[in-house]
Amino acid sequence: MNIENIPDSPMVSRKIRKVFDKMTQWVTPWRSNLESPREMMILRGDVEQDEFQYASSHCLSSYYSVFVVRLAIMVMLAILIGLLTVLTWHFTRIYTKQSLKTLAYGLRYELLQRPVLRMWSVLNTTSELTTAQVKLSEYVIKKYDKPTTQEELVEMYQAMKDVTWALFASAKALNAITINYRNGFVQAFHRDPASSSTFYIFSDLKNYSISGIGPEDVSGWNNQSIHGNMTAIWYQQQLDPVTGEKLGKPLKIPPDDLINIAGILQVPDGEASWHVTVSKYMDSPLLSAALPVFDASNKSIVDVVGVTTALYSVGQLMRDLVDVHGGHIYLTSQEGYLLATSTNGPLLKNTTNGPKLMKAIDSEEWVIRAGAQWLEKTYGSKRPQEVHAENVKLGNQRYYIDSFYLNLKRLPIIGVVIIPRKFIMGKVDERAFKTLIILISASVCIFFIGCVCILILTNGVSKEMKLRAELIRQLDARRRAEASSNYKSQFLANMSHELRTPMAAVIGLLDILISDDCLSNEQYATVTQIRKCSTALLRLLNNILDLSKVESGKLVLEEAEFDLGRELEGLVDMFSVQCINHNVETVLDLSDDMPALVRGDSARLVQIFANLISNSIKFTTTGHIILRGWCENINSLHDEMRLTVDRKKPWAPMKTKLVQHRNHLQKSCKNANKMVLWFEVDDTGCGIESSKWDSVFESFEQADPSTTRTHGGTGLGLCIVRNLVNKMGGEIKVVQKNGLGTLMRLYLILSTPETADQNIQPDFSKYGLVVLLSMYGSTARMITSKWLRKHGIATVEASDWNELTQIIRDLLEMGSRDNSFDSQNNIADSLRAELSNIEEIKNPVFVVVVDIGVLDLTTDIWKEQLNYLDRFSNKAKFAWLLKHDTSNIVKTELRRKGHVMMVNKPLYKAKMIQILEAVIKNRKRCNGLRNRGNGSDESHDFLEIDPTQFDTCSSDDSSETSGEKHIDKSVQPSTLHSPVLKNYLIDANNSNDDSTSASTTQKNLEEEDWKDRLYSGIALDGKNQKSLEGIRILLAEDTPVLQRVATIMLEKMGATVTAVWDGQQAVDSLNYRSINVQDPTGEPTSSEEETANNSINPQSSLRNSSPYDLILMDCQMPKMDGYDATKAIRRAEIGTELHIPIVALTAHAMSSDEAKCLEVGMDAYLTKPIDRKLMVSTILSLTKPSIFQTSLSA
Amino acid sequence: MLGLGVDRLQADINRLLASLFHQGVLDEQFLQLQQLQDETSPNFVYDVINIYFDESEKLLRNLRLLLMDREFSDYKKIGLHLNQLVGSSSSIGARRVRNVCVALRSASELSNRPGCLRGLEVVEHEYHYLKNMMHELFQLEQQRLLAAGVRYPM
């Protein structure tokens, strides 16, 4: 479309292109919007939202825009096609029309020119002939000058006749030649075209006299003389047209029949004249010219020669022309008389006076009349010289009318050509019309086709657009949903955080309130209830927060070493309290190969198991909850897989996943010692339908919706668990279980620290241990016994009191054993086999682990039972499993009986190990006791047992390590690897002070052993800090702030600090101590440490005449300042070999101060603020040599 | 399982401390003080600072009384008081108080009474600023402890 226009009008095309560009821009807004979503996805937040809204609004309006666009395109198409059509039509038509018009004009001109030329030639011929006739006449007349005689006259006439004939015969076009003599004689030759005969007409000569007419009497010549001269006889002689021979006799004819004879009237001024005449023989007008013939002297007119030419030939030519070209041509005189037409119609009208010339407007030919009338009407009298009119409507047809003015002298002629338009333009008009029709129809067709195409195209586009809009909408919806869910979790996180802060305050305040004493019982109960509710609420909030944290990926697991076993044990301990209330056993069953230390997020790990176990507890009313754990190296996983695939079908996919995971892990961290830890939480609760095994891990999902009512909970726990497990690179699943309950199995991938083999398992087998497990819970008992047997410890199980007594009797009362075997038939065979095995153990050590629940605590029978068991206490070691709510009476009673090994339920591996270790150690100690009697040098053990040593938190390193050395390496418990030892045993310390005399030395030893283990951890803990261990410092400082700071600082470093307020006090206390130096126990401020030191080195008390190793002295104090005090002290020291190091403390930082300090006898100088390191180094440098020195001197 | 509030409060505390350190109100001595605090002396810093405030209050009051006295000439006493103030301030790490105290002390050594009065103003200003900041800090600390104290059973 454009192509045609571009060369013509670059501007237009540019505009059109612009419009197109705009349109395409407008048409395709969604396109640009569609491209963007991908980019948008990268973007975030509100901007995105806005854009989406923007896009969606576009989306809505795009429907309308599609319609508008369609319409616009159609309109454009229509305009283009219309323009094209019009242009095509216009150009083709205008060009042809113009060229045709010029052609037609030429044609018309030519058409008219021909007849006019003919006319002209006719006129010329006529005039030439006339002139020739005149010349000839003049010649003849000259020859016969002044004929005087008749004969001469006749001769002259004869000569004239001959000459004229010759002329007449030569000019065939002539109608007539007349010679009218002065005397009235007339000679004429005439051709009658109707009969095609030639006549000679002459008047009777006899009537004319020669002399009668003078040359000057011109006035006598008139037409009337000819016509009026009726007396003259006219003869008509037919002649042979070729030869001029006379044919027949001359006929007399009346003068009326005469042809026009040009008389003197025709030449009034002696000049040639022209006029159109008519004759009755001719139906066409005649052109007659008349010329006078002068005599020789040129003075008088002798005769008049008239030549008449018929205009017939012009008409003939016109007809010929019209035959070829069609149309009409006519010539008129200036007055409007028709001279010639191209039609056959008459040119003359017959009136009573004979034929007369007809006017064009009166022509019988309709076309000519109409044309003449149109001309008359249009131009009136003032007709211009040339008229070219097109599209003149005459009648029903259109004509070209052209009129030319031919200015001939005395005979102006107007030529008119009337050509029907269709002769010239007919074809063109027809063609143009057809072209127009074709063009219009073609363009209409194209338009419709284009519209259809546009519709189809835009339909496709709009369909696509609809789809895209739909897509956008759905993307939008999805995004919005995501955003809303994101907002939701964000909101939850924020809210829970916001809620938690006040909740924390509430709970904290409640705690304060609860600890307040002045609450009534009711208030206390209420507050406790509030506390519980708050805690529950807080837990919920925490869960939500955890969940949202995990889900949003914000949770970052920390990587820290922790003791996995201990975390789990703590967990089980905690839950066992709940479980005991529920009558459910909690069992921890960790395999021995579990690494003690792993790296990971202990809190999250605990959270996982806490959630799982609490979940289990929630749904378990009776039975047990077992937390099993085992471990496999990630590298040995592959071999394991075959095995597990056979055994545990449902785990196959998980395993493969694990293998993939492992591969990934191996790639990523080859060095890391990754372990796959498997755990199972096995309960005997209501279980979960297998169809819900997957869905229970979704949030807010519980296996049975009704459980919310019965058990409470939000269903978030397992979701958190799964998220956490996944986060730790593991997976969790519910597994098919035999029997009642649920079995959740999960694995975690944790790295273990790069230390040496951690799994130092104690080897108990060589001690000949025999363990009697007397526990209610069968599961725990079974597991424990299994573990014990695995380690080569003979184990006997007893589930209740009767069994216990029976087995105890069997085992311990060796003497009556045979009898009892016989009497106790109800002992199972396996048990018997076990017993017989035990028999074979040499020197067995019996350990009886008794669940306190085995005793009958409801009544007082338990005391008797205890008494009964007490009988065996010298043969076996009793370890008691207490419940958390076991009453103090029982505990006291047990303690009174000397049972110091008490652990809280549940019993698990670590506790068992501890019991066994204690037993073994005790046994060694017994041996040692026995050996001591033999003079063995194991005195360290006894030195340790200073009761006061354990009252302070700090214990001597050296003593501890020396004590530790005696523990067999193989017996060293694995728990020692942790920096702080955890003690599982119940602290029996406080109630043991008033232990009765019943406690033997041995029992005391045992007890101390427990305590030893209890406190050893603390000693280990503080080792690195206590650089000032054992140094006694007197601090003289009046500023309370400094005093406090310095005291704490020093005490932190292990020093013993005595603070005094001024110099005087310092001096006093020093003096006092010096006085009482012989009696160290009497000093109230003396520390236990000192006593310990004294007791360790009893002989050194003498050397230690000064109670302090060092004095820190503030220089400026009220009463007595530091300088004075120092002076006083130094004065007091004179005479003794004592020199207490005195360190000055001063806020002055000038060297003059330092000099002053040193001058008065101070040893060192410290500025405030006290720099810890500087202080330590100063103190050490001052004290150590002295101690060293004194010890040397001692 | 601690609440997020703890972290936030801790961050606030740290921010406050940082700004105080940045302003030079406190110095590393304060950090040492904080390090001394542990389970055996849980409120150590608080106690010490409180003692410091009590005492400084007293000292400042005395200083003001001394300086306000028309026929005052006992610059030595002022020096003593100031020494105490300098000592205690420096041992809790109140650097700016200490610095202005040192300036005041030098003025008192020159027996420049108007200088002393001006110096005292500055010291009082600094002291009050420190007190406010410390109050804020302790309040935050208290909140943090409250928040940290909240644990819930698993």
# chains A, B, ... in the order shown; residues from 1 in each chain; ligands from 1

$ residues_around --residues "segment 123-135 of chain B" --least-positions-apart "5" --cutoff "9 Å" --atoms "only C-alpha atoms" --output "ChimeraX atom specification"
/B:16,20,25-26,49,53,56-57,60,94,96-101,104,118,140

$ select_by_dssp --residues "segment 410-650 of chain A" --states "strand (DSSP E)" --output "PDB file with C-alpha atoms, in the first residue's frame"
ATOM      1  CA  LEU A 411     -18.676  36.739 -46.634  1.00  0.00           C
ATOM      2  CA  PRO A 412     -17.827  35.887 -43.041  1.00  0.00           C
ATOM      3  CA  ILE A 413     -18.589  32.302 -42.355  1.00  0.00           C
ATOM      4  CA  ILE A 414     -19.184  30.569 -39.079  1.00  0.00           C
ATOM      5  CA  GLY A 415     -18.503  26.912 -38.898  1.00  0.00           C
ATOM      6  CA  VAL A 416     -20.047  24.797 -36.226  1.00  0.00           C
ATOM      7  CA  VAL A 417     -19.127  21.253 -35.421  1.00  0.00           C
ATOM      8  CA  ILE A 418     -21.447  19.267 -33.257  1.00  0.00           C
ATOM      9  CA  ILE A 419     -20.056  15.919 -32.338  1.00  0.00           C
ATOM     10  CA  PRO A 420     -21.745  13.611 -29.937  1.00  0.00           C
ATOM     11  CA  ALA A 560      29.075 -25.663  67.613  1.00  0.00           C
ATOM     12  CA  GLU A 561      30.351 -28.709  69.287  1.00  0.00           C
ATOM     13  CA  PHE A 562      28.037 -30.271  71.723  1.00  0.00           C
ATOM     14  CA  ASP A 563      27.598 -33.489  73.536  1.00  0.00           C
ATOM     15  CA  VAL A 584       4.722 -44.181  80.421  1.00  0.00           C
ATOM     16  CA  GLU A 585       8.295 -45.296  80.328  1.00  0.00           C
ATOM     17  CA  THR A 586      10.802 -43.118  78.637  1.00  0.00           C
ATOM     18  CA  VAL A 587      13.776 -44.954  77.369  1.00  0.00           C
ATOM     19  CA  LEU A 588      16.887 -43.638  75.779  1.00  0.00           C
ATOM     20  CA  ASP A 589      18.663 -46.203  73.744  1.00  0.00           C
ATOM     21  CA  LEU A 590      21.753 -44.881  72.072  1.00  0.00           C
ATOM     22  CA  LEU A 597      30.690 -34.845  70.388  1.00  0.00           C
ATOM     23  CA  VAL A 598      29.126 -33.599  67.234  1.00  0.00           C
ATOM     24  CA  ARG A 599      29.017 -30.273  65.550  1.00  0.00           C
ATOM     25  CA  GLY A 600      25.684 -28.700  64.997  1.00  0.00           C
ATOM     26  CA  GLY A 623       3.525 -48.195  77.400  1.00  0.00           C
ATOM     27  CA  HIS A 624       6.799 -46.654  76.533  1.00  0.00           C
ATOM     28  CA  ILE A 625       8.510 -44.061  74.447  1.00  0.00           C
ATOM     29  CA  ILE A 626      11.866 -45.089  73.143  1.00  0.00           C
ATOM     30  CA  LEU A 627      14.340 -42.732  71.658  1.00  0.00           C
ATOM     31  CA  ARG A 628      16.747 -44.884  69.735  1.00  0.00           C
ATOM     32  CA  GLY A 629      19.846 -43.597  68.164  1.00  0.00           C
ATOM     33  CA  TRP A 630      22.490 -45.234  66.073  1.00  0.00           C
ATOM     34  CA  CYS A 631      25.053 -44.031  63.763  1.00  0.00           C
ATOM     35  CA  GLU A 632      26.636 -44.908  60.531  1.00  0.00           C
ATOM     36  CA  ASN A 633      29.501 -43.437  58.730  1.00  0.00           C
TER      37      ASN A 633
END

$ closest_residue --among "A:Glu864, A:Glu698, A:Glu110, A:Glu498" --to "chain B" --atoms "only C-alpha atoms"
A:Glu498

$ residues_around --residues "Ser313 of chain A" --least-positions-apart "3" --cutoff "10 Å" --atoms "only C-alpha atoms" --output "list of chain:residue names"
A:Pro115, A:Arg118, A:Met119, A:Val122, A:Ala173, A:Ser284, A:Thr309, A:Ala310, A:Gln316, A:Leu317, A:Met318, A:Arg319, A:Ala340

$ closest_residue --among "A:Ile253, A:Ala879, A:Leu1145, A:Ile179" --to "chain B" --atoms "only C-alpha atoms"
A:Leu1145

$ atom_distance --atom1 "atom CA of Gly687 of chain A" --atom2 "atom CA of Val734 of chain A"
10.0 Å

$ interface_residues --of "chain A" --to "chain B" --cutoff "9 Å" --atoms "only C-alpha atoms" --output "ChimeraX atom specification"
/A:497-498,500-505,507-509,535-536,538-539,542,571,574-575,603-604,606-607,610-611,614,1038-1042,1044-1046,1048-1049,1052,1116-1117,1146-1148,1167-1172

$ write_last_selection --atoms "N, CA and C atoms" --output "compact mmCIF listing (two decimals), in the first residue's frame"
# COMPACT_ATOMS: atom_id res chain seq x y z
N HIS A 497 6.82 -12.01 67.51
CA HIS A 497 7.91 -11.30 68.18
C HIS A 497 7.37 -10.20 69.06
N GLU A 498 6.44 -9.46 68.48
CA GLU A 498 5.88 -8.35 69.25
C GLU A 498 5.14 -8.85 70.48
N ARG A 500 5.78 -11.64 71.94
CA ARG A 500 6.65 -12.35 72.85
C ARG A 500 7.34 -11.40 73.82
N THR A 501 7.61 -10.23 73.33
CA THR A 501 8.29 -9.29 74.21
C THR A 501 7.45 -8.98 75.45
N PRO A 502 6.19 -8.58 75.24
CA PRO A 502 5.38 -8.40 76.46
C PRO A 502 5.18 -9.70 77.23
N MET A 503 5.09 -10.79 76.49
CA MET A 503 4.90 -12.07 77.18
C MET A 503 6.10 -12.35 78.07
N ALA A 504 7.26 -12.00 77.54
CA ALA A 504 8.45 -12.22 78.34
C ALA A 504 8.37 -11.42 79.62
N ALA A 505 7.92 -10.20 79.45
CA ALA A 505 7.78 -9.36 80.64
C ALA A 505 6.77 -9.97 81.60
N ILE A 507 5.84 -13.02 81.92
CA ILE A 507 6.33 -14.23 82.58
C ILE A 507 7.38 -13.89 83.61
N GLY A 508 8.24 -12.97 83.22
CA GLY A 508 9.27 -12.57 84.17
C GLY A 508 8.66 -12.00 85.44
N LEU A 509 7.66 -11.15 85.22
CA LEU A 509 7.00 -10.55 86.39
C LEU A 509 6.28 -11.60 87.20
N THR A 535 3.13 -19.43 79.58
CA THR A 535 4.18 -20.27 78.99
C THR A 535 3.65 -20.99 77.75
N ALA A 536 2.42 -21.47 77.88
CA ALA A 536 1.84 -22.16 76.74
C ALA A 536 1.72 -21.21 75.56
N LEU A 538 3.40 -18.55 75.01
CA LEU A 538 4.74 -18.22 74.53
C LEU A 538 5.29 -19.35 73.66
N ARG A 539 4.97 -20.56 74.08
CA ARG A 539 5.45 -21.70 73.30
C ARG A 539 4.83 -21.69 71.91
N ASN A 542 6.47 -19.10 69.94
CA ASN A 542 7.80 -19.53 69.54
C ASN A 542 7.74 -20.52 68.39
N LEU A 571 17.17 -34.34 77.82
CA LEU A 571 15.83 -34.30 77.27
C LEU A 571 14.97 -35.42 77.84
N MET A 574 14.07 -34.87 81.32
CA MET A 574 13.01 -33.89 81.45
C MET A 574 11.66 -34.50 81.15
N PHE A 575 11.62 -35.26 80.07
CA PHE A 575 10.33 -35.80 79.68
C PHE A 575 9.90 -36.95 80.56
N ALA A 603 20.59 -26.63 70.18
CA ALA A 603 19.25 -26.19 70.58
C ALA A 603 18.21 -26.71 69.61
N ARG A 604 18.56 -26.65 68.32
CA ARG A 604 17.58 -27.10 67.32
C ARG A 604 17.42 -28.62 67.37
N VAL A 606 17.77 -30.45 69.96
CA VAL A 606 16.94 -30.73 71.13
C VAL A 606 15.51 -30.41 70.82
N GLN A 607 15.34 -29.34 70.07
CA GLN A 607 13.97 -28.96 69.72
C GLN A 607 13.29 -30.06 68.91
N ALA A 610 12.55 -32.79 71.27
CA ALA A 610 11.55 -32.35 72.24
C ALA A 610 10.18 -32.38 71.61
N ASN A 611 10.11 -31.89 70.40
CA ASN A 611 8.81 -31.89 69.73
C ASN A 611 8.32 -33.31 69.51
N SER A 614 7.47 -34.93 72.91
CA SER A 614 6.27 -34.38 73.53
C SER A 614 5.04 -34.79 72.73
N ASP A 1038 39.61 3.29 100.22
CA ASP A 1038 38.46 3.96 100.82
C ASP A 1038 37.33 4.15 99.83
N THR A 1039 37.66 4.26 98.56
CA THR A 1039 36.58 4.45 97.58
C THR A 1039 35.82 3.13 97.42
N PRO A 1040 34.52 3.17 97.71
CA PRO A 1040 33.78 1.90 97.67
C PRO A 1040 33.80 1.27 96.28
N VAL A 1041 33.75 2.12 95.30
CA VAL A 1041 33.71 1.58 93.94
C VAL A 1041 34.96 0.78 93.65
N LEU A 1042 36.05 1.43 93.91
CA LEU A 1042 37.31 0.77 93.63
C LEU A 1042 37.48 -0.47 94.46
N ARG A 1044 35.22 -2.38 95.62
CA ARG A 1044 34.38 -3.47 95.11
C ARG A 1044 34.99 -4.08 93.84
N VAL A 1045 35.39 -3.18 92.96
CA VAL A 1045 35.93 -3.65 91.69
C VAL A 1045 37.18 -4.48 91.92
N ALA A 1046 38.04 -3.93 92.71
CA ALA A 1046 39.31 -4.62 92.92
C ALA A 1046 39.08 -5.96 93.60
N ILE A 1048 36.44 -7.93 93.54
CA ILE A 1048 35.88 -8.91 92.61
C ILE A 1048 36.96 -9.37 91.64
N MET A 1049 37.70 -8.40 91.16
CA MET A 1049 38.73 -8.73 90.17
C MET A 1049 39.72 -9.73 90.74
N LYS A 1052 38.16 -13.13 91.41
CA LYS A 1052 37.99 -13.87 90.16
C LYS A 1052 39.24 -14.61 89.79
N GLN A 1116 45.62 7.66 98.83
CA GLN A 1116 44.90 8.72 99.52
C GLN A 1116 43.68 8.16 100.20
N MET A 1117 43.77 8.15 101.46
CA MET A 1117 42.66 7.64 102.25
C MET A 1117 42.45 8.58 103.43
N THR A 1146 46.97 4.41 92.99
CA THR A 1146 46.74 5.85 93.04
C THR A 1146 46.08 6.33 91.76
N ALA A 1147 45.33 7.37 91.99
CA ALA A 1147 44.70 7.98 90.82
C ALA A 1147 45.64 8.97 90.18
N HIS A 1148 46.69 9.30 90.91
CA HIS A 1148 47.69 10.19 90.33
C HIS A 1148 48.48 9.40 89.31
N THR A 1167 48.43 2.39 88.82
CA THR A 1167 47.54 3.56 88.70
C THR A 1167 46.11 3.09 88.50
N LYS A 1168 45.22 3.95 88.92
CA LYS A 1168 43.81 3.68 88.63
C LYS A 1168 43.52 4.22 87.25
N PRO A 1169 42.73 3.64 86.48
CA PRO A 1169 42.02 2.39 86.77
C PRO A 1169 42.96 1.20 86.74
N ILE A 1170 42.55 0.22 87.47
CA ILE A 1170 43.41 -0.94 87.60
C ILE A 1170 43.39 -1.75 86.31
N ASP A 1171 44.53 -1.94 85.77
CA ASP A 1171 44.63 -2.81 84.61
C ASP A 1171 44.88 -4.23 85.12
N ARG A 1172 44.02 -5.12 84.66
CA ARG A 1172 44.02 -6.44 85.25
C ARG A 1172 45.35 -7.16 85.03

$ residues_around --residues "Val849 of chain A" --least-positions-apart "3" --cutoff "9 Å" --atoms "only C-alpha atoms" --output "ChimeraX atom specification"
/A:771-775,877-881,915

$ closest_residue --among "A:Asn486, A:Asn124, A:Ser300, A:Ser197" --to "Glu138 of chain A" --atoms "only C-alpha atoms"
A:Ser300

$ residues_around --residues "Thr308 of chain A" --least-positions-apart "6" --cutoff "6 Å" --atoms "only C-alpha atoms" --output "short mmCIF file (atom, residue, chain, number, x, y, z; two decimals) with C-alpha atoms, in the first residue's frame"
data_model
loop_
_atom_site.label_atom_id
_atom_site.label_comp_id
_atom_site.auth_asym_id
_atom_site.auth_seq_id
_atom_site.Cartn_x
_atom_site.Cartn_y
_atom_site.Cartn_z
CA ASN A 175 -22.82 26.50 -61.61
CA ALA A 176 -23.18 29.36 -63.89
CA LEU A 287 -22.25 31.44 -53.93
CA SER A 288 -22.17 34.08 -56.51
#
